Structures are given as C-alpha cells and as structure tokens.
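final.pdb (PDB, C-alpha atoms (C1' of nucleotides))
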```pdb
MODEL        1
ATOM      1  CA  MET A   1       1.814  13.454 -17.402
ATOM      2  CA  ASN A   2       5.267  14.599 -18.053
ATOM      3  CA  LEU A   3       8.072  13.041 -20.032
ATOM      4  CA  PHE A   4      10.475  15.661 -18.742
ATOM      5  CA  THR A   5      11.110  16.989 -15.261
ATOM      6  CA  ARG A   6      12.341  20.440 -14.364
ATOM      7  CA  ASN A   7      15.768  19.127 -13.413
ATOM      8  CA  THR A   8      16.285  17.834 -16.897
ATOM      9  CA  ASP A   9      14.840  20.939 -18.431
ATOM     10  CA  TYR A  10      17.058  23.286 -16.452
ATOM     11  CA  ALA A  11      20.078  21.118 -17.121
ATOM     12  CA  ALA A  12      19.439  21.273 -20.845
ATOM     13  CA  ARG A  13      19.037  25.038 -20.769
ATOM     14  CA  ALA A  14      22.181  25.557 -18.745
ATOM     15  CA  LEU A  15      24.182  23.280 -21.011
ATOM     16  CA  LEU A  16      22.874  25.007 -24.109
ATOM     17  CA  TYR A  17      23.850  28.318 -22.539
ATOM     18  CA  MET A  18      27.364  27.010 -22.026
ATOM     19  CA  GLY A  19      27.410  25.607 -25.510
ATOM     20  CA  GLY A  20      27.062  29.168 -26.735
ATOM     21  CA  ARG A  21      30.050  30.247 -24.641
ATOM     22  CA  VAL A  22      32.667  27.626 -25.354
ATOM     23  CA  GLY A  23      35.960  28.307 -23.623
ATOM     24  CA  GLN A  24      34.355  30.715 -21.156
ATOM     25  CA  ARG A  25      33.857  29.756 -17.571
ATOM     26  CA  VAL A  26      30.233  30.080 -16.557
ATOM     27  CA  SER A  27      29.077  30.489 -12.955
ATOM     28  CA  THR A  28      25.654  29.941 -11.472
ATOM     29  CA  VAL A  29      25.489  33.696 -11.048
ATOM     30  CA  ASP A  30      25.742  34.136 -14.810
ATOM     31  CA  ILE A  31      23.035  31.578 -15.355
ATOM     32  CA  GLN A  32      20.726  33.097 -12.809
ATOM     33  CA  ARG A  33      21.203  36.513 -14.395
ATOM     34  CA  ASP A  34      20.704  35.428 -17.979
ATOM     35  CA  LEU A  35      18.294  32.534 -17.710
ATOM     36  CA  LYS A  36      16.396  33.584 -14.583
ATOM     37  CA  LEU A  37      16.690  30.183 -12.991
ATOM     38  CA  PRO A  38      16.925  29.695  -9.214
ATOM     39  CA  ARG A  39      20.584  29.714  -8.287
ATOM     40  CA  PRO A  40      20.798  27.188  -5.429
ATOM     41  CA  PHE A  41      18.797  24.659  -7.376
ATOM     42  CA  MET A  42      20.974  25.249 -10.399
ATOM     43  CA  ARG A  43      24.066  24.630  -8.336
ATOM     44  CA  LYS A  44      22.775  21.239  -7.348
ATOM     45  CA  ILE A  45      22.026  20.396 -10.936
ATOM     46  CA  LEU A  46      25.414  21.521 -12.204
ATOM     47  CA  GLN A  47      27.150  19.620  -9.453
ATOM     48  CA  GLN A  48      25.429  16.478 -10.595
ATOM     49  CA  LEU A  49      26.437  17.117 -14.171
ATOM     50  CA  GLN A  50      29.989  17.578 -12.998
ATOM     51  CA  LYS A  51      29.955  14.295 -11.127
ATOM     52  CA  GLU A  52      28.626  12.569 -14.203
ATOM     53  CA  GLY A  53      31.473  13.987 -16.236
ATOM     54  CA  TYR A  54      29.571  16.416 -18.421
ATOM     55  CA  LEU A  55      31.033  19.511 -16.822
ATOM     56  CA  VAL A  56      34.434  20.547 -15.541
ATOM     57  CA  SER A  57      34.308  22.733 -12.461
ATOM     58  CA  VAL A  58      36.778  25.221 -11.044
ATOM     59  CA  LYS A  59      36.448  26.400  -7.489
ATOM     60  CA  GLY A  60      37.549  29.720  -6.124
ATOM     61  CA  TYR A  61      37.620  33.306  -7.214
ATOM     62  CA  ASN A  62      36.750  33.245 -10.889
ATOM     63  CA  GLY A  63      35.431  29.755 -10.645
ATOM     64  CA  GLY A  64      32.602  28.214 -12.584
ATOM     65  CA  PHE A  65      31.801  25.469 -15.051
ATOM     66  CA  THR A  66      32.734  24.576 -18.589
ATOM     67  CA  LEU A  67      31.538  21.805 -20.852
ATOM     68  CA  ALA A  68      33.652  18.695 -20.543
ATOM     69  CA  MET A  69      32.791  17.616 -24.079
ATOM     70  CA  PRO A  70      31.386  19.116 -27.246
ATOM     71  CA  PRO A  71      27.583  19.583 -27.334
ATOM     72  CA  GLY A  72      27.400  16.950 -30.027
ATOM     73  CA  LYS A  73      28.343  14.312 -27.474
ATOM     74  CA  ILE A  74      25.689  15.175 -24.914
ATOM     75  CA  ARG A  75      22.423  13.440 -25.618
ATOM     76  CA  LEU A  76      19.024  14.392 -24.315
ATOM     77  CA  ILE A  77      18.515  10.834 -23.134
ATOM     78  CA  ASP A  78      21.643  11.092 -20.973
ATOM     79  CA  LEU A  79      20.186  14.041 -19.113
ATOM     80  CA  MET A  80      16.939  12.194 -18.619
ATOM     81  CA  ARG A  81      18.787   9.209 -17.232
ATOM     82  CA  ILE A  82      20.757  11.352 -14.801
ATOM     83  CA  PHE A  83      17.793  13.261 -13.446
ATOM     84  CA  GLN A  84      14.936  10.856 -13.965
ATOM     85  CA  GLY A  85      16.562   7.460 -13.937
ATOM     86  CA  ASP A  86      16.126   4.693 -16.443
ATOM     87  CA  PHE A  87      12.761   3.830 -17.824
ATOM     88  CA  SER A  88      11.422   1.098 -15.623
ATOM     89  CA  LEU A  89       7.853   0.088 -16.484
ATOM     90  CA  SER A  90       5.899   0.629 -13.276
ATOM     91  CA  ASP A  91       8.481  -1.294 -11.323
ATOM     92  CA  CYS A  92       7.763  -4.878 -12.058
ATOM     93  CA  LEU A  93       9.872  -5.761  -9.065
ATOM     94  CA  PHE A  94       7.186  -5.193  -6.513
ATOM     95  CA  GLN A  95       4.679  -6.895  -8.727
ATOM     96  CA  LYS A  96       6.651 -10.048  -9.205
ATOM     97  CA  LYS A  97       4.207 -12.092  -7.238
ATOM     98  CA  LEU A  98       1.146 -10.951  -9.099
ATOM     99  CA  CYS A  99       2.712 -11.065 -12.522
ATOM    100  CA  GLN A 100       4.653 -14.269 -12.910
ATOM    101  CA  CYS A 101       4.692 -13.780 -16.625
ATOM    102  CA  VAL A 102       7.053 -10.776 -16.470
ATOM    103  CA  ALA A 103       8.966 -11.576 -19.630
ATOM    104  CA  ALA A 104       6.018 -13.058 -21.433
ATOM    105  CA  CYS A 105       3.356 -10.591 -20.254
ATOM    106  CA  PRO A 106       1.855  -8.985 -23.339
ATOM    107  CA  LEU A 107       1.293  -5.698 -21.519
ATOM    108  CA  ARG A 108       4.936  -5.478 -20.517
ATOM    109  CA  ARG A 109       6.106  -6.587 -23.898
ATOM    110  CA  GLU A 110       4.130  -3.942 -25.686
ATOM    111  CA  LEU A 111       5.186  -1.159 -23.346
ATOM    112  CA  LYS A 112       8.783  -2.220 -23.444
ATOM    113  CA  ALA A 113       8.703  -1.983 -27.210
ATOM    114  CA  ALA A 114       7.099   1.469 -27.177
ATOM    115  CA  GLU A 115       9.616   2.611 -24.638
ATOM    116  CA  LYS A 116      12.504   1.332 -26.687
ATOM    117  CA  MET A 117      11.292   3.216 -29.705
ATOM    118  CA  LEU A 118      11.130   6.409 -27.696
ATOM    119  CA  VAL A 119      14.564   5.941 -26.195
ATOM    120  CA  ASP A 120      16.079   5.147 -29.562
ATOM    121  CA  ARG A 121      14.706   8.342 -30.929
ATOM    122  CA  LEU A 122      15.919  10.433 -28.004
ATOM    123  CA  LYS A 123      19.326   8.833 -28.282
ATOM    124  CA  GLY A 124      19.639  10.519 -31.636
ATOM    125  CA  VAL A 125      19.188  14.008 -30.212
ATOM    126  CA  THR A 126      22.205  15.891 -28.878
ATOM    127  CA  LEU A 127      22.564  19.404 -27.530
ATOM    128  CA  ALA A 128      24.273  20.333 -30.774
ATOM    129  CA  ASP A 129      21.058  19.485 -32.599
ATOM    130  CA  LEU A 130      19.179  21.843 -30.332
ATOM    131  CA  MET A 131      21.665  24.636 -30.895
ATOM    132  CA  ARG A 132      21.128  25.065 -34.601
ATOM    133  CA  PRO A 133      17.869  26.931 -35.028
TER     134      PRO A 133
ATOM    135  CA  MET B   1      11.380   7.072 -14.526
ATOM    136  CA  ASN B   2       8.065   5.581 -15.283
ATOM    137  CA  LEU B   3       5.913   5.841 -18.350
ATOM    138  CA  PHE B   4       3.144   4.017 -16.564
ATOM    139  CA  THR B   5       1.616   4.480 -13.138
ATOM    140  CA  ARG B   6       0.072   1.774 -11.007
ATOM    141  CA  ASN B   7      -3.427   3.095 -11.639
ATOM    142  CA  THR B   8      -3.038   2.521 -15.320
ATOM    143  CA  ASP B   9      -1.397  -0.801 -14.773
ATOM    144  CA  TYR B  10      -4.132  -2.104 -12.490
ATOM    145  CA  ALA B  11      -6.795  -0.758 -14.802
ATOM    146  CA  ALA B  12      -5.290  -2.627 -17.725
ATOM    147  CA  ARG B  13      -5.077  -5.839 -15.746
ATOM    148  CA  ALA B  14      -8.629  -5.576 -14.516
ATOM    149  CA  LEU B  15      -9.942  -4.844 -17.994
ATOM    150  CA  LEU B  16      -8.004  -7.743 -19.467
ATOM    151  CA  TYR B  17      -9.478  -9.942 -16.760
ATOM    152  CA  MET B  18     -12.938  -8.840 -17.776
ATOM    153  CA  GLY B  19     -12.069  -9.271 -21.413
ATOM    154  CA  GLY B  20     -11.588 -12.948 -20.660
ATOM    155  CA  ARG B  21     -15.045 -13.155 -19.075
ATOM    156  CA  VAL B  22     -17.287 -11.410 -21.541
ATOM    157  CA  GLY B  23     -20.927 -11.436 -20.490
ATOM    158  CA  GLN B  24     -20.080 -12.231 -16.874
ATOM    159  CA  ARG B  25     -20.422  -9.650 -14.189
ATOM    160  CA  VAL B  26     -17.171  -9.171 -12.331
ATOM    161  CA  SER B  27     -16.944  -7.728  -8.834
ATOM    162  CA  THR B  28     -13.953  -6.234  -7.061
ATOM    163  CA  VAL B  29     -14.042  -9.296  -4.845
ATOM    164  CA  ASP B  30     -13.398 -11.506  -7.876
ATOM    165  CA  ILE B  31     -10.534  -9.299  -8.951
ATOM    166  CA  GLN B  32      -8.961  -9.245  -5.542
ATOM    167  CA  ARG B  33      -9.200 -13.013  -5.333
ATOM    168  CA  ASP B  34      -7.793 -13.749  -8.776
ATOM    169  CA  LEU B  35      -5.399 -10.867  -9.383
ATOM    170  CA  LYS B  36      -4.348 -10.158  -5.802
ATOM    171  CA  LEU B  37      -4.875  -6.435  -6.176
ATOM    172  CA  PRO B  38      -5.991  -4.242  -3.249
ATOM    173  CA  ARG B  39      -9.753  -4.110  -3.299
ATOM    174  CA  PRO B  40     -10.538  -0.556  -2.158
ATOM    175  CA  PHE B  41      -8.015   0.883  -4.582
ATOM    176  CA  MET B  42      -9.442  -1.244  -7.338
ATOM    177  CA  ARG B  43     -12.903   0.046  -6.592
ATOM    178  CA  LYS B  44     -11.735   3.584  -7.099
ATOM    179  CA  ILE B  45     -10.130   2.667 -10.362
ATOM    180  CA  LEU B  46     -13.150   0.816 -11.675
ATOM    181  CA  GLN B  47     -15.418   3.650 -10.671
ATOM    182  CA  GLN B  48     -13.347   5.988 -12.770
ATOM    183  CA  LEU B  49     -13.491   3.629 -15.705
ATOM    184  CA  GLN B  50     -17.248   3.487 -15.291
ATOM    185  CA  LYS B  51     -17.516   7.278 -15.303
ATOM    186  CA  GLU B  52     -15.429   7.414 -18.451
ATOM    187  CA  GLY B  53     -17.753   4.966 -20.125
ATOM    188  CA  TYR B  54     -15.498   1.943 -20.370
ATOM    189  CA  LEU B  55     -17.433  -0.093 -17.854
ATOM    190  CA  VAL B  56     -21.070  -0.682 -17.047
ATOM    191  CA  SER B  57     -21.788  -1.127 -13.379
ATOM    192  CA  VAL B  58     -24.619  -2.813 -11.576
ATOM    193  CA  LYS B  59     -25.219  -2.141  -7.918
ATOM    194  CA  GLY B  60     -26.756  -4.475  -5.427
ATOM    195  CA  TYR B  61     -26.716  -8.136  -4.646
ATOM    196  CA  ASN B  62     -25.031  -9.773  -7.594
ATOM    197  CA  GLY B  63     -23.634  -6.474  -8.736
ATOM    198  CA  GLY B  64     -20.356  -5.832 -10.449
ATOM    199  CA  PHE B  65     -18.858  -4.533 -13.659
ATOM    200  CA  THR B  66     -18.871  -5.515 -17.291
ATOM    201  CA  LEU B  67     -17.047  -4.072 -20.266
ATOM    202  CA  ALA B  68     -19.035  -1.368 -21.997
ATOM    203  CA  MET B  69     -17.312  -2.059 -25.311
ATOM    204  CA  PRO B  70     -15.254  -4.766 -26.948
ATOM    205  CA  PRO B  71     -11.573  -4.912 -25.913
ATOM    206  CA  GLY B  72     -10.599  -3.878 -29.419
ATOM    207  CA  LYS B  73     -12.040  -0.431 -28.749
ATOM    208  CA  ILE B  74     -10.102   0.242 -25.556
ATOM    209  CA  ARG B  75      -6.684   1.672 -26.243
ATOM    210  CA  LEU B  76      -3.764   1.731 -23.877
ATOM    211  CA  ILE B  77      -3.380   5.439 -24.496
ATOM    212  CA  ASP B  78      -6.938   6.039 -23.282
ATOM    213  CA  LEU B  79      -6.126   4.451 -19.940
ATOM    214  CA  MET B  80      -3.017   6.567 -19.658
ATOM    215  CA  ARG B  81      -4.999   9.684 -20.359
ATOM    216  CA  ILE B  82      -7.593   8.838 -17.741
ATOM    217  CA  PHE B  83      -5.133   8.041 -14.984
ATOM    218  CA  GLN B  84      -2.127  10.135 -15.919
ATOM    219  CA  GLY B  85      -3.528  12.982 -17.949
ATOM    220  CA  ASP B  86      -2.310  14.233 -21.297
ATOM    221  CA  PHE B  87       1.342  14.559 -22.085
ATOM    222  CA  SER B  88       2.334  18.083 -21.260
ATOM    223  CA  LEU B  89       6.064  18.766 -21.681
ATOM    224  CA  SER B  90       7.245  20.002 -18.283
ATOM    225  CA  ASP B  91       4.466  22.519 -18.145
ATOM    226  CA  CYS B  92       5.646  25.339 -20.291
ATOM    227  CA  LEU B  93       2.960  27.490 -18.735
ATOM    228  CA  PHE B  94       4.906  28.343 -15.657
ATOM    229  CA  GLN B  95       7.988  28.865 -17.738
ATOM    230  CA  LYS B  96       6.429  31.283 -20.140
ATOM    231  CA  LYS B  97       8.483  34.166 -18.911
ATOM    232  CA  LEU B  98      11.811  32.458 -19.229
ATOM    233  CA  CYS B  99      11.047  30.758 -22.489
ATOM    234  CA  GLN B 100       9.422  33.222 -24.856
ATOM    235  CA  CYS B 101      10.273  30.974 -27.718
ATOM    236  CA  VAL B 102       7.708  28.303 -26.679
ATOM    237  CA  ALA B 103       6.620  27.340 -30.179
ATOM    238  CA  ALA B 104       9.997  27.908 -31.757
ATOM    239  CA  CYS B 105      12.145  26.506 -28.923
ATOM    240  CA  PRO B 106      14.194  23.674 -30.373
ATOM    241  CA  LEU B 107      14.079  21.743 -27.110
ATOM    242  CA  ARG B 108      10.285  21.826 -27.012
ATOM    243  CA  ARG B 109      10.019  21.097 -30.691
ATOM    244  CA  GLU B 110      12.158  18.011 -30.417
ATOM    245  CA  LEU B 111      10.387  16.678 -27.369
ATOM    246  CA  LYS B 112       6.993  17.350 -28.841
ATOM    247  CA  ALA B 113       7.943  15.292 -31.855
ATOM    248  CA  ALA B 114       9.259  12.402 -29.762
ATOM    249  CA  GLU B 115       6.130  12.510 -27.675
ATOM    250  CA  LYS B 116       3.899  12.430 -30.715
ATOM    251  CA  MET B 117       5.689   9.392 -32.026
ATOM    252  CA  LEU B 118       5.149   7.605 -28.733
ATOM    253  CA  VAL B 119       1.492   8.525 -28.519
ATOM    254  CA  ASP B 120       0.874   7.490 -32.101
ATOM    255  CA  ARG B 121       2.326   4.118 -31.358
ATOM    256  CA  LEU B 122       0.338   3.640 -28.170
ATOM    257  CA  LYS B 123      -2.812   4.666 -29.994
ATOM    258  CA  GLY B 124      -2.403   1.546 -32.069
ATOM    259  CA  VAL B 125      -2.487  -0.782 -29.084
ATOM    260  CA  THR B 126      -5.809  -2.015 -27.747
ATOM    261  CA  LEU B 127      -6.657  -4.464 -25.016
ATOM    262  CA  ALA B 128      -7.565  -6.948 -27.715
ATOM    263  CA  ASP B 129      -3.966  -6.833 -28.920
ATOM    264  CA  LEU B 130      -2.809  -7.667 -25.437
ATOM    265  CA  MET B 131      -5.229 -10.555 -25.145
ATOM    266  CA  ARG B 132      -3.848 -12.666 -27.934
ATOM    267  CA  PRO B 133      -0.674 -14.297 -26.627
TER     268      PRO B 133
ATOM    269  C1'  DA C   1     -35.269  -6.914   6.599
ATOM    270  C1'  DC C   2     -30.738  -8.179   5.296
ATOM    271  C1'  DA C   3     -26.695  -8.987   2.833
ATOM    272  C1'  DA C   4     -23.844  -7.925  -0.978
ATOM    273  C1'  DA C   5     -22.546  -5.140  -4.217
ATOM    274  C1'  DT C   6     -21.317  -0.155  -6.186
ATOM    275  C1'  DG C   7     -21.438   5.457  -5.832
ATOM    276  C1'  DG C   8     -19.325   9.231  -3.846
ATOM    277  C1'  DT C   9     -16.245  11.474  -1.169
ATOM    278  C1'  DA C  10     -12.995  12.532   2.214
ATOM    279  C1'  DC C  11      -9.060  11.144   4.296
ATOM    280  C1'  DT C  12      -4.281   9.195   5.065
ATOM    281  C1'  DT C  13       0.276   7.802   3.813
ATOM    282  C1'  DA C  14       4.331   7.326   0.925
ATOM    283  C1'  DT C  15       7.312   8.918  -2.460
ATOM    284  C1'  DA C  16       9.181  12.094  -5.768
ATOM    285  C1'  DT C  17       9.976  16.681  -7.146
ATOM    286  C1'  DG C  18      11.519  21.218  -6.525
ATOM    287  C1'  DG C  19      14.039  24.074  -3.880
ATOM    288  C1'  DT C  20      16.860  26.141   0.233
ATOM    289  C1'  DA C  21      20.520  26.479   3.737
ATOM    290  C1'  DT C  22      24.867  25.667   5.663
ATOM    291  C1'  DC C  23      29.491  24.704   6.201
ATOM    292  C1'  DA C  24      33.789  23.277   4.128
ATOM    293  C1'  DT C  25      37.125  23.988   0.425
ATOM    294  C1'  DT C  26      39.550  26.322  -3.161
ATOM    295  C1'  DA C  27      41.659  30.205  -5.628
ATOM    296  C1'  DA C  28      42.515  35.019  -7.008
ATOM    297  C1'  DT C  29      43.593  39.440  -5.437
ATOM    298  C1'  DA C  30      44.248  43.437  -2.615
TER     299       DA C  30
ATOM    300  C1'  DT D   1      47.702  36.983   4.709
ATOM    301  C1'  DA D   2      42.888  38.348   5.057
ATOM    302  C1'  DT D   3      39.027  38.757   2.112
ATOM    303  C1'  DT D   4      35.992  37.567  -1.315
ATOM    304  C1'  DA D   5      33.914  34.796  -4.727
ATOM    305  C1'  DA D   6      33.248  30.742  -6.425
ATOM    306  C1'  DT D   7      32.134  25.311  -6.048
ATOM    307  C1'  DG D   8      31.697  20.548  -3.049
ATOM    308  C1'  DA D   9      28.956  18.069  -0.091
ATOM    309  C1'  DT D  10      25.170  17.303   2.449
ATOM    310  C1'  DA D  11      21.191  17.911   5.048
ATOM    311  C1'  DC D  12      17.007  19.804   5.163
ATOM    312  C1'  DC D  13      12.211  21.630   3.917
ATOM    313  C1'  DA D  14       7.881  22.240   1.055
ATOM    314  C1'  DT D  15       4.771  20.812  -2.134
ATOM    315  C1'  DA D  16       2.618  17.784  -5.392
ATOM    316  C1'  DT D  17       1.378  13.460  -6.955
ATOM    317  C1'  DA D  18       0.595   8.607  -6.391
ATOM    318  C1'  DA D  19      -1.154   4.926  -3.771
ATOM    319  C1'  DG D  20      -4.265   3.348  -0.790
ATOM    320  C1'  DT D  21      -8.117   3.354   3.010
ATOM    321  C1'  DA D  22     -12.523   4.362   5.331
ATOM    322  C1'  DC D  23     -17.162   5.520   5.591
ATOM    323  C1'  DC D  24     -21.721   6.284   4.571
ATOM    324  C1'  DA D  25     -25.305   6.280   1.115
ATOM    325  C1'  DT D  26     -27.684   3.681  -2.417
ATOM    326  C1'  DT D  27     -29.215  -0.199  -4.975
ATOM    327  C1'  DT D  28     -30.870  -4.965  -5.584
ATOM    328  C1'  DG D  29     -31.613  -9.995  -5.011
ATOM    329  C1'  DT D  30     -33.142 -13.241  -1.537
TER     330       DT D  30
ENDMDL
END
```
As a first step, turn the structure in this file into structure tokens.
Amino acid sequence: MNLFTRNTDYAARALLYMGGRVGQRVSTVDIQRDLKLPRPFMRKILQQLQKEGYLVSVKGYNGGFTLAMPPGKIRLIDLMRIFQGDFSLSDCLFQKKLCQCVAACPLRRELKAAEKMLVDRLKGVTLADLMRP
Amino acid sequence: MNLFTRNTDYAARALLYMGGRVGQRVSTVDIQRDLKLPRPFMRKILQQLQKEGYLVSVKGYNGGFTLAMPPGKIRLIDLMRIFQGDFSLSDCLFQKKLCQCVAACPLRRELKAAEKMLVDRLKGVTLADLMRP
DNA sequence: ACAAATGGTACTTATATGGTATCATTAATA
DNA sequence: TATTAATGATACCATATAAGTACCATTTGT
C-alpha cells in the first residue's frame, strides 16, 4: 500500500524545484525539461495548487508559476490533503448500520489515534525542511 | 484517503467476532447473520486468513473456522499486510530514472521515517487489545 | 445419498489514479 | 494587429485496484 500518490509526489517535486528558483517564473515546459515529468499532467497539478493558493500563475507569453508563499509555510500534509483528501478510516459512513458503536468502537478508536500521530508528524514537515540536504 | 481498506476492516471484525467465541466453530453464515457482512466476500477474506495461518478451517457439514492462535498474537499490521501489502512509498521503482537520489532523497527519507513510526505503532496493537472495551 | 460447509478460481463491477486533449483566455512581441 | 507562448477550465480516456459474485469441486455429518 501507498501513503503517497503520484499527484502528491509530483507536486512536491515541482514545488521544491520552484523553491530553488525563488523570484523566477517557472513554466510546465521548464519542469518537463528538468524533472522529466509529463507536462499535461503537471499542468493539472499546478492548476490545483494555484486554486488552493500555493502558487501564483501568470498567463500569456512569458507566463508560468511562482510560489505564493515561502517553502517553510507549505507542509507535506497540505499536499496530501489536496491530492488525496483527508484521512477517513474506511468510510464509516457507509458502515453506519453495521457499526453502531462508531465513536466507541475500539477498532476505530485505535486507528484514529494512529492516524492522528501520523498526521501530527507530517504537519511538522515543510518543503523548506526537504530543501536543506 | 484511507489507511484501511474494507478487506482489512471486515477481516478484523470477523476475527474479533471469533475471538468472542473461542472454541466454537464459526461459519460465514453466522458472520453474515450477526455482522451483516456480504457472505461471498467474507468467504474470500476468511480463505485468505486461513492460507496465512490465522484461521483453521473445517469443511463439511458443521464446518467453519476457528482462530489458529490467541487474539493477542494477531496484530492489526499483519492484517494490513495481508490485504493491502507492505508500505511502499509511491513505488520508487518506476521513478528510478527521475530520482537518482532514492536513498538520499529528503522527501523519501522523511516519508520513510513517518511510515516507520506508523508501522511501529500498529505493530503494538493486537486483536486482544481491541477486545477489551 | 444428501445437505451443509469450505477450497479454488474465474469473473464482474465500481471507483480511484494517472494521464491526455481541446478550446478559451491572456500577454508579450514582431 | 497577428502570432506565439503560456495558463484556465473542463471533458475525456486508460489502467489499476478494490469490492463483490458465481460456480464447481471437495469434504463431512446425518
């Protein structure tokens, strides 16, 4: 199983790339050239990041993207939330009828706790942390 | 996103059910009746658990399943491994060419560490833990 | 012999992931 | 002002995984 999807992975790479080029405008062409990532897919990803406020975009001739905030403000967990959604615990919703306990259920309780620990840890990791080798 | 799939979830529920009926033989009919889980799917799940050595099965007339070991020996993480595979970090394999760093990559390193923390925690949780309210 | 269970396997369906294509819009520049 | 190079928005396609079913063979108690 996989804690991370490709979306999130690519997003992180692209953002790190931009983090190393602060002030410069970066286009998907640049990213494709330097990171060898599929351009149309990358566009979709960067558009999402723009919508979420992590990137500023400029259309037109020398258009492209720039970071909307310093790398220290972008957390790994934010990217995961954007591209993978919140952690949800095998959607209890649909199981409501079979698991009346929900809140009390020891299985849920335990998993929820493990999940929280993971999230708390990931909350502490920003792109800036990943940039210093 | 989901740390847990339905397979794993159902498996845990079924095993907990059996944990409360030690010595008794439990059939998928019993489980369907009491837990309201789809029988054919449950069969597949229990068959896998049998293959992995967590259940003993008896065919024939009063056939069914019993736990092959005490609930204290069955860890949540084992169920996840059976039904969801090992944690794998957005399969670096395919990305080898774009990410030569692999071992050194700060993104991988960080995620690997977070993952390890999660697994270590889940390793500590057995079905027995979930049985005491 | 028959009924009630699992073993094994192949199949179907639903959903999520990964990725492409297209057209509209914007902006610089010749 | 026409062209070109970029993103915005959206719809679409392909593949993989998850979720679930169906079927036939085998075993076993009555």
- Message: From (-4.2, -8.7, -20.4), in the file's coordinates, out to 7 Å: which residues are reached, counting all atoms listed in the file? Answer as a list of chain:residue names.
- Response: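 All residues meeting the 7 Å criterion around (-4.2, -8.7, -20.4) are A:Pro106, A:Leu107, B:Ala12, B:Arg13, B:Leu16, B:Tyr17, B:Leu127, B:Leu130, B:Met131.
Within 9 Å of Gly124 in chain A, once only C-alpha atoms (C1' of nucleotides) are used and residues closer than 2 positions along the same chain are dropped, the contacting residues are Arg75, Leu76, Ile77, Val119, Asp120, Arg121, Leu122 and Thr126 of chain A.
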- Pull out every residue that the PyMOL selection byres ((chain D) within 10 of (chain A)) matches in the shown coordinates and put them as number ranges by chain. D: 4-9
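Among the candidates A:Phe83, A:Pro40, A:Leu49, A:Ala114, the one nearest to DA21 in chain C when counting all atoms listed in the file is A:Pro40.
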- Message: What are the residues of chain B lining chain A at 9 Å or less? Count all atoms listed in the file, and put the answer as a count of residues only.
- Response: 43
